[in-house]
file query22.tsv (TSV, C-alpha atoms)
chain	number	residue	atom	x	y	z
A	1	MET	CA	-2.15	-98.38	-28.53
A	2	ARG	CA	-1.45	-95.28	-30.62
A	3	LEU	CA	-4.38	-93.45	-28.99
A	4	GLY	CA	-2.85	-94.16	-25.57
A	5	LEU	CA	0.50	-92.76	-26.65
A	6	ILE	CA	-0.88	-89.40	-27.81
A	7	PRO	CA	-1.82	-88.06	-24.32
A	8	ALA	CA	1.50	-89.30	-22.93
A	9	LEU	CA	3.49	-87.55	-25.69
A	10	THR	CA	1.44	-84.37	-25.21
A	11	ALA	CA	2.18	-84.38	-21.48
A	12	LEU	CA	5.87	-85.01	-22.15
A	13	THR	CA	6.02	-82.09	-24.63
A	14	ALA	CA	4.32	-79.79	-22.13
A	15	LEU	CA	6.75	-80.81	-19.37
A	16	SER	CA	9.70	-80.24	-21.69
A	17	ALA	CA	8.42	-76.78	-22.64
A	18	CYS	CA	7.95	-75.87	-18.97
A	19	ALA	CA	11.46	-77.03	-18.17
A	20	GLY	CA	12.81	-74.95	-21.05
A	21	LEU	CA	10.93	-71.88	-19.85
A	22	SER	CA	12.16	-72.44	-16.30
A	23	ALA	CA	15.77	-72.75	-17.49
A	24	ARG	CA	15.50	-69.57	-19.58
A	25	ALA	CA	13.96	-67.73	-16.64
A	26	SER	CA	16.82	-68.76	-14.36
A	27	ASP	CA	19.32	-67.67	-17.03
A	28	HIS	CA	17.84	-64.17	-16.97
A	29	LYS	CA	17.32	-63.98	-13.22
A	30	PRO	CA	19.30	-60.98	-11.91
A	31	ARG	CA	22.20	-61.98	-9.68
A	32	ASP	CA	22.99	-60.03	-6.53
A	33	SER	CA	26.64	-59.72	-7.51
A	34	GLY	CA	27.15	-56.09	-6.55
A	35	GLU	CA	28.32	-55.33	-10.10
A	36	ILE	CA	26.85	-52.59	-12.25
A	37	PHE	CA	27.71	-51.91	-15.88
A	38	ASP	CA	27.72	-48.17	-16.44
A	39	GLU	CA	26.55	-47.65	-20.03
A	40	GLN	CA	27.53	-43.98	-19.96
A	41	SER	CA	31.23	-44.62	-19.29
A	42	GLY	CA	31.58	-48.29	-20.30
A	43	ASN	CA	33.05	-49.09	-16.87
A	44	THR	CA	32.04	-51.81	-14.43
A	45	LEU	CA	31.28	-50.79	-10.85
A	46	LEU	CA	31.68	-53.11	-7.89
A	47	VAL	CA	29.50	-51.89	-5.01
A	48	VAL	CA	29.55	-52.95	-1.36
A	49	PRO	CA	26.36	-54.98	-0.64
A	50	LYS	CA	25.53	-52.98	2.49
A	51	PRO	CA	26.74	-49.50	3.45
A	52	LEU	CA	28.10	-48.23	6.75
A	53	VAL	CA	25.59	-45.83	8.29
A	54	PHE	CA	26.58	-43.47	11.10
A	55	ALA	CA	24.27	-41.24	13.14
A	56	ARG	CA	24.37	-38.56	15.81
A	57	GLU	CA	21.48	-37.47	18.01
A	58	ARG	CA	20.18	-33.92	17.53
A	59	THR	CA	18.47	-33.39	20.86
A	60	ASP	CA	19.71	-29.79	20.66
A	61	VAL	CA	16.95	-29.05	18.14
A	62	ALA	CA	14.32	-31.77	18.61
A	63	ALA	CA	13.69	-35.14	20.20
A	64	HIS	CA	14.28	-38.31	18.16
A	65	GLU	CA	15.98	-36.43	15.30
A	66	ARG	CA	19.37	-37.41	13.87
A	67	ASP	CA	22.04	-36.45	11.39
A	68	TYR	CA	23.33	-39.31	9.25
A	69	ALA	CA	26.47	-40.12	7.30
A	70	THR	CA	26.22	-43.09	4.93
A	71	LEU	CA	29.51	-44.48	3.58
A	72	VAL	CA	29.53	-46.68	0.47
A	73	ALA	CA	32.62	-48.41	-0.92
A	74	VAL	CA	32.75	-48.55	-4.73
A	75	GLU	CA	35.38	-49.79	-7.14
A	76	ILE	CA	35.52	-48.67	-10.77
A	77	ASP	CA	36.99	-51.16	-13.23
A	78	GLN	CA	38.12	-49.20	-16.28
A	79	SER	CA	39.39	-51.87	-18.68
A	80	GLY	CA	41.39	-53.58	-15.93
A	81	LYS	CA	42.45	-50.39	-14.15
A	82	TYR	CA	40.88	-50.32	-10.68
A	83	ASN	CA	40.09	-47.19	-8.65
A	84	ASP	CA	38.47	-47.36	-5.22
A	85	TYR	CA	36.26	-44.71	-3.67
A	86	LEU	CA	34.20	-44.01	-0.60
A	87	LEU	CA	30.92	-42.29	-1.30
A	88	LEU	CA	29.51	-40.15	1.50
A	89	TYR	CA	25.84	-39.25	1.73
A	90	ARG	CA	25.18	-36.59	4.38
A	91	TRP	CA	21.53	-36.27	5.30
A	92	SER	CA	19.34	-35.56	8.27
A	93	THR	CA	15.84	-36.02	9.66
A	94	VAL	CA	16.06	-32.59	11.30
A	95	ASP	CA	13.73	-29.99	9.81
A	96	ARG	CA	15.91	-27.72	7.66
A	97	ARG	CA	14.18	-24.67	9.22
A	98	MET	CA	15.68	-25.69	12.56
A	99	SER	CA	19.06	-26.80	11.23
A	100	PRO	CA	20.06	-26.18	7.58
A	101	PRO	CA	21.63	-29.01	5.56
A	102	PRO	CA	25.45	-29.08	5.39
A	103	ASP	CA	27.24	-26.85	2.91
A	104	PRO	CA	28.21	-28.95	-0.16
A	105	GLN	CA	31.65	-27.28	-0.04
A	106	GLU	CA	32.32	-28.59	3.47
A	107	GLY	CA	33.04	-32.20	2.70
A	108	GLU	CA	36.17	-33.10	4.63
A	109	LEU	CA	35.73	-36.48	6.28
A	110	ARG	CA	37.55	-37.82	9.35
A	111	ILE	CA	37.29	-41.51	10.22
A	112	LEU	CA	38.57	-42.67	13.60
A	113	ALA	CA	39.22	-46.41	13.52
A	114	ASP	CA	40.79	-48.10	16.56
A	115	GLY	CA	42.67	-44.91	17.46
A	116	ARG	CA	43.90	-44.26	13.92
A	117	VAL	CA	42.81	-41.00	12.28
A	118	ILE	CA	41.98	-41.21	8.57
A	119	ASP	CA	41.48	-37.77	7.01
A	120	LEU	CA	39.88	-37.73	3.56
A	121	LYS	CA	39.36	-34.78	1.24
A	122	PRO	CA	36.53	-34.94	-1.31
A	123	LEU	CA	37.03	-34.79	-5.05
A	124	ASP	CA	35.84	-31.59	-6.69
A	125	ASP	CA	33.30	-33.63	-8.67
A	126	VAL	CA	31.81	-37.05	-8.14
A	127	PRO	CA	33.25	-39.30	-10.92
A	128	VAL	CA	31.07	-40.26	-13.87
A	129	GLY	CA	29.01	-43.30	-12.95
A	130	LEU	CA	29.00	-42.50	-9.22
A	131	SER	CA	26.23	-39.93	-9.41
A	132	ARG	CA	22.86	-40.48	-7.79
A	133	ARG	CA	21.58	-43.99	-8.40
A	134	ARG	CA	19.62	-46.44	-6.27
A	135	GLU	CA	22.19	-49.23	-6.68
A	136	LEU	CA	24.75	-47.08	-4.86
A	137	HIS	CA	22.65	-47.07	-1.66
A	138	MET	CA	21.71	-43.41	-1.85
A	139	PRO	CA	19.16	-42.61	0.90
A	140	GLU	CA	15.68	-41.78	-0.30
A	141	HIS	CA	15.73	-38.35	1.24
A	142	GLY	CA	15.28	-34.88	-0.22
A	143	ASP	CA	18.34	-33.11	1.19
A	144	VAL	CA	21.28	-35.40	0.50
A	145	VAL	CA	24.77	-33.97	0.04
A	146	ALA	CA	27.05	-36.42	-1.79
A	147	HIS	CA	30.86	-36.53	-1.90
A	148	ALA	CA	33.40	-39.00	-3.30
A	149	TYR	CA	36.81	-39.75	-1.77
A	150	PRO	CA	39.64	-41.71	-3.38
A	151	ILE	CA	40.81	-44.44	-1.04
A	152	ASP	CA	43.03	-47.52	-1.19
A	153	VAL	CA	42.15	-51.15	-0.46
A	154	ALA	CA	44.52	-51.33	2.54
A	155	THR	CA	42.68	-48.45	4.27
A	156	LEU	CA	39.30	-49.99	3.51
A	157	ARG	CA	40.55	-53.28	4.93
A	158	PHE	CA	41.66	-51.53	8.12
A	159	ILE	CA	38.22	-49.91	8.45
A	160	ALA	CA	36.45	-53.25	7.89
A	161	ALA	CA	38.54	-54.94	10.60
A	162	SER	CA	38.33	-52.13	13.16
A	163	ARG	CA	36.40	-52.58	16.40
A	164	GLU	CA	35.87	-48.91	17.28
A	165	LEU	CA	34.66	-46.76	14.42
A	166	VAL	CA	33.54	-43.14	14.53
A	167	VAL	CA	33.03	-40.50	11.83
A	168	ARG	CA	33.41	-36.74	12.10
A	169	MET	CA	32.78	-33.89	9.66
A	170	PRO	CA	35.40	-31.36	10.84
A	171	GLN	CA	34.25	-28.51	8.59
A	172	GLU	CA	30.67	-28.52	9.83
A	173	SER	CA	29.68	-26.02	12.50
A	174	LEU	CA	28.58	-28.94	14.69
A	175	ASP	CA	31.64	-31.17	14.95
A	176	ALA	CA	30.01	-33.84	17.12
A	177	PRO	CA	30.91	-37.46	16.26
A	178	PHE	CA	28.71	-39.89	14.34
A	179	ALA	CA	28.48	-43.38	15.86
A	180	ILE	CA	27.65	-46.56	13.97
A	181	TRP	CA	23.92	-46.87	13.31
A	182	GLU	CA	23.92	-49.71	10.75
A	183	ASP	CA	27.04	-51.86	10.78
A	184	GLY	CA	28.28	-52.71	7.31
A	185	ARG	CA	31.80	-53.83	8.25
A	186	ARG	CA	31.16	-57.48	7.40
A	187	ALA	CA	29.72	-56.46	4.01
A	188	LEU	CA	32.79	-54.28	3.43
A	189	GLY	CA	34.95	-57.33	4.09
A	190	ARG	CA	33.03	-59.30	1.44
A	191	PHE	CA	33.44	-56.40	-0.99
A	192	LEU	CA	37.20	-56.42	-0.41
A	193	GLU	CA	37.42	-60.13	-1.21
A	194	ARG	CA	36.46	-59.22	-4.77
A	195	ALA	CA	38.07	-55.78	-5.09
A	196	GLY	CA	40.63	-55.67	-7.88
A	197	THR	CA	39.37	-58.92	-9.35
A	198	ALA	CA	36.05	-57.95	-10.96
A	199	PRO	CA	35.85	-59.36	-14.51
call {"tool": "encode", "arguments": {"input": "query22.tsv", "output": "structure tokens"}}
result
Amino acid sequence: MRLGLIPALTALTALSACAGLSARASDHKPRDSGEIFDEQSGNTLLVVPKPLVFARERTDVAAHERDYATLVAVEIDQSGKYNDYLLLYRWSTVDRRMSPPPDPQEGELRILADGRVIDLKPLDDVPVGLSRRRELHMPEHGDVVAHAYPIDVATLRFIAASRELVVRMPQESLDAPFAIWEDGRRALGRFLERAGTAP
């Protein structure tokens, strides 16, 4: 009888250990919460799960080449004080010998949403914690010019709900509009459901 119990107990112990390992693994499984703890500043960042990407054709220099403007909504929680920003990544697939990258000093941004004009001026410096990092949807491209713009939740909400959305860079020599290339308005709406409430 005892000999029959030993294999059963061994199997039970093994199953219990596997269950414990599985539980610990799930405890440490990274959650796609959109939150990043910035060790450098001690702040928590809430990041939109998918950015808005705008593009304009550059048939003036080559076929199938485009300029891009990627917009990323980010909220910084500094001990319960919330500040919202739009990050802009300006980049292009056009060979820089045919069309140089934009001047980093020319960062004024104009968003046209359902007939409303939203003019944004960039901060002199990108805030600590919003520099180049993969979690902030920075394009994997060599010539990326980054800017940060302070913005309020009400304006972000208007952008997320807008039907017609266009971006312009009024300081650039080519002031042609950028149309939506990858639509992140729904993701922006999800971001705004949590904005101002991140723990």
call {"tool": "atom_distance", "arguments": {"input": "query22.tsv", "atom1": "CA of Gln105 (chain A)", "atom2": "CA of Leu188 (chain A)"}}
result
27.2 Å
call {"tool": "residues_around", "arguments": {"input": "query22.tsv", "residues": "Val94 (chain A)", "least_positions_apart": "2", "cutoff": "7 Å", "atoms": "all atoms listed in the file", "output": "JSON, numbers by chain"}}
result
{"A": [65, 66, 92, 96, 99]}
call {"tool": "residues_around", "arguments": {"input": "query22.tsv", "residues": "Ala195 (chain A)", "least_positions_apart": "4", "cutoff": "10 Å", "atoms": "all atoms listed in the file", "output": "list in words"}}
result
Leu46, Val47, Val48, Val74, Glu75, Ile76, Asp77, Tyr82, Asn83, Asp84, Val153, Gly189, Arg190 and Phe191 of chain A
call {"tool": "closest_residue", "arguments": {"input": "query22.tsv", "among": "A:Glu57, A:Asp38, A:Asp119, A:Asp124", "to": "Val167 (chain A)", "atoms": "all atoms listed in the file"}}
result
A:Asp119
call {"tool": "atom_distance", "arguments": {"input": "query22.tsv", "atom1": "CA of Arg163 (chain A)", "atom2": "CA of Ile111 (chain A)"}}
result
12.7 Å
call {"tool": "closest_residue", "arguments": {"input": "query22.tsv", "among": "A:Pro177, A:Pro104, A:Pro49, A:Gly80", "to": "Pro122 (chain A)", "atoms": "only C-alpha atoms"}}
result
A:Pro104
call {"tool": "atom_distance", "arguments": {"input": "query22.tsv", "atom1": "CA of Leu109 (chain A)", "atom2": "CA of Met169 (chain A)"}}
result
5.2 Å
call {"tool": "closest_residue", "arguments": {"input": "query22.tsv", "among": "A:Ile180, A:Leu156, A:Ala148, A:Met98", "to": "Leu52 (chain A)", "atoms": "only C-alpha atoms"}}
result
A:Ile180
call {"tool": "closest_residue", "arguments": {"input": "query22.tsv", "among": "A:Ala62, A:Leu136, A:Ile118, A:Leu112", "to": "Ile36 (chain A)", "atoms": "all atoms listed in the file"}}
result
A:Leu136
call {"tool": "residues_near_point", "arguments": {"input": "query22.tsv", "point": "(27.7, -38.9, 15.0)", "cutoff": "8 Å", "atoms": "only C-alpha atoms", "output": "ChimeraX atom specification"}}
result
/A:54-57,67-69,166-168,176-180
call {"tool": "closest_residue", "arguments": {"input": "query22.tsv", "among": "A:Pro150, A:Gly142, A:Pro100, A:Pro51", "to": "Trp181 (chain A)", "atoms": "only C-alpha atoms"}}
result
A:Pro51
call {"tool": "closest_residue", "arguments": {"input": "query22.tsv", "among": "A:Ala187, A:Val145, A:Ala161, A:Ala113", "to": "Ala73 (chain A)", "atoms": "all atoms listed in the file"}}
result
A:Ala187
call {"tool": "residues_around", "arguments": {"input": "query22.tsv", "residues": "Glu106 (chain A)", "least_positions_apart": "5", "cutoff": "12 Å", "atoms": "only C-alpha atoms", "output": "list in words"}}
result
Arg90, Pro101, Leu120, Lys121, Pro122, Leu123, Asp124, Val145, Ala146, His147, Arg168, Met169, Pro170, Gln171, Glu172, Ser173, Leu174 and Asp175 of chain A
call {"tool": "write_last_selection", "arguments": {"input": "query22.tsv", "atoms": "C-alpha atoms", "output": "short mmCIF file (atom, residue, chain, number, x, y, z; two decimals), keeping the file's coordinate frame"}}
result
data_model
loop_
_atom_site.label_atom_id
_atom_site.label_comp_id
_atom_site.auth_asym_id
_atom_site.auth_seq_id
_atom_site.Cartn_x
_atom_site.Cartn_y
_atom_site.Cartn_z
CA ARG A 90 25.18 -36.59 4.38
CA PRO A 101 21.63 -29.01 5.56
CA LEU A 120 39.88 -37.73 3.56
CA LYS A 121 39.36 -34.78 1.24
CA PRO A 122 36.53 -34.94 -1.31
CA LEU A 123 37.03 -34.79 -5.05
CA ASP A 124 35.84 -31.59 -6.69
CA VAL A 145 24.77 -33.97 0.04
CA ALA A 146 27.05 -36.42 -1.79
CA HIS A 147 30.86 -36.53 -1.90
CA ARG A 168 33.41 -36.74 12.10
CA MET A 169 32.78 -33.89 9.66
CA PRO A 170 35.40 -31.36 10.84
CA GLN A 171 34.25 -28.51 8.59
CA GLU A 172 30.67 -28.52 9.83
CA SER A 173 29.68 -26.02 12.50
CA LEU A 174 28.58 -28.94 14.69
CA ASP A 175 31.64 -31.17 14.95
#
call {"tool": "decode", "arguments": {"input": "query22.tsv", "residues": "region 38-71 of chain A", "atoms": "C-alpha atoms", "output": "tab-separated table (two decimals), in the first residue's frame"}}
result
chain	number	residue	atom	x	y	z
A	38	ASP	CA	11.57	56.44	-15.49
A	39	GLU	CA	14.40	55.60	-13.09
A	40	GLN	CA	16.30	58.76	-14.01
A	41	SER	CA	13.57	61.15	-12.87
A	42	GLY	CA	11.45	58.91	-10.62
A	43	ASN	CA	8.36	59.79	-12.67
A	44	THR	CA	5.79	57.46	-14.22
A	45	LEU	CA	5.02	57.87	-17.91
A	46	LEU	CA	1.71	56.90	-19.48
A	47	VAL	CA	2.19	56.33	-23.22
A	48	VAL	CA	-0.44	55.98	-25.93
A	49	PRO	CA	-0.49	52.33	-27.13
A	50	LYS	CA	-0.34	53.30	-30.80
A	51	PRO	CA	0.85	56.58	-32.32
A	52	LEU	CA	-0.73	58.72	-35.02
A	53	VAL	CA	1.41	58.55	-38.16
A	54	PHE	CA	1.00	61.10	-40.96
A	55	ALA	CA	2.66	61.02	-44.38
A	56	ARG	CA	3.02	63.08	-47.52
A	57	GLU	CA	4.14	61.84	-50.93
A	58	ARG	CA	7.45	63.16	-52.25
A	59	THR	CA	6.98	62.52	-55.96
A	60	ASP	CA	8.85	65.80	-56.52
A	61	VAL	CA	12.12	64.01	-55.74
A	62	ALA	CA	11.44	60.29	-56.26
A	63	ALA	CA	8.68	57.74	-56.71
A	64	HIS	CA	7.31	55.92	-53.65
A	65	GLU	CA	9.16	58.18	-51.18
A	66	ARG	CA	7.45	59.94	-48.28
A	67	ASP	CA	7.96	62.35	-45.42
A	68	TYR	CA	6.48	61.24	-42.11
A	69	ALA	CA	5.29	62.88	-38.92
A	70	THR	CA	4.66	60.54	-35.99
A	71	LEU	CA	2.68	61.96	-33.05
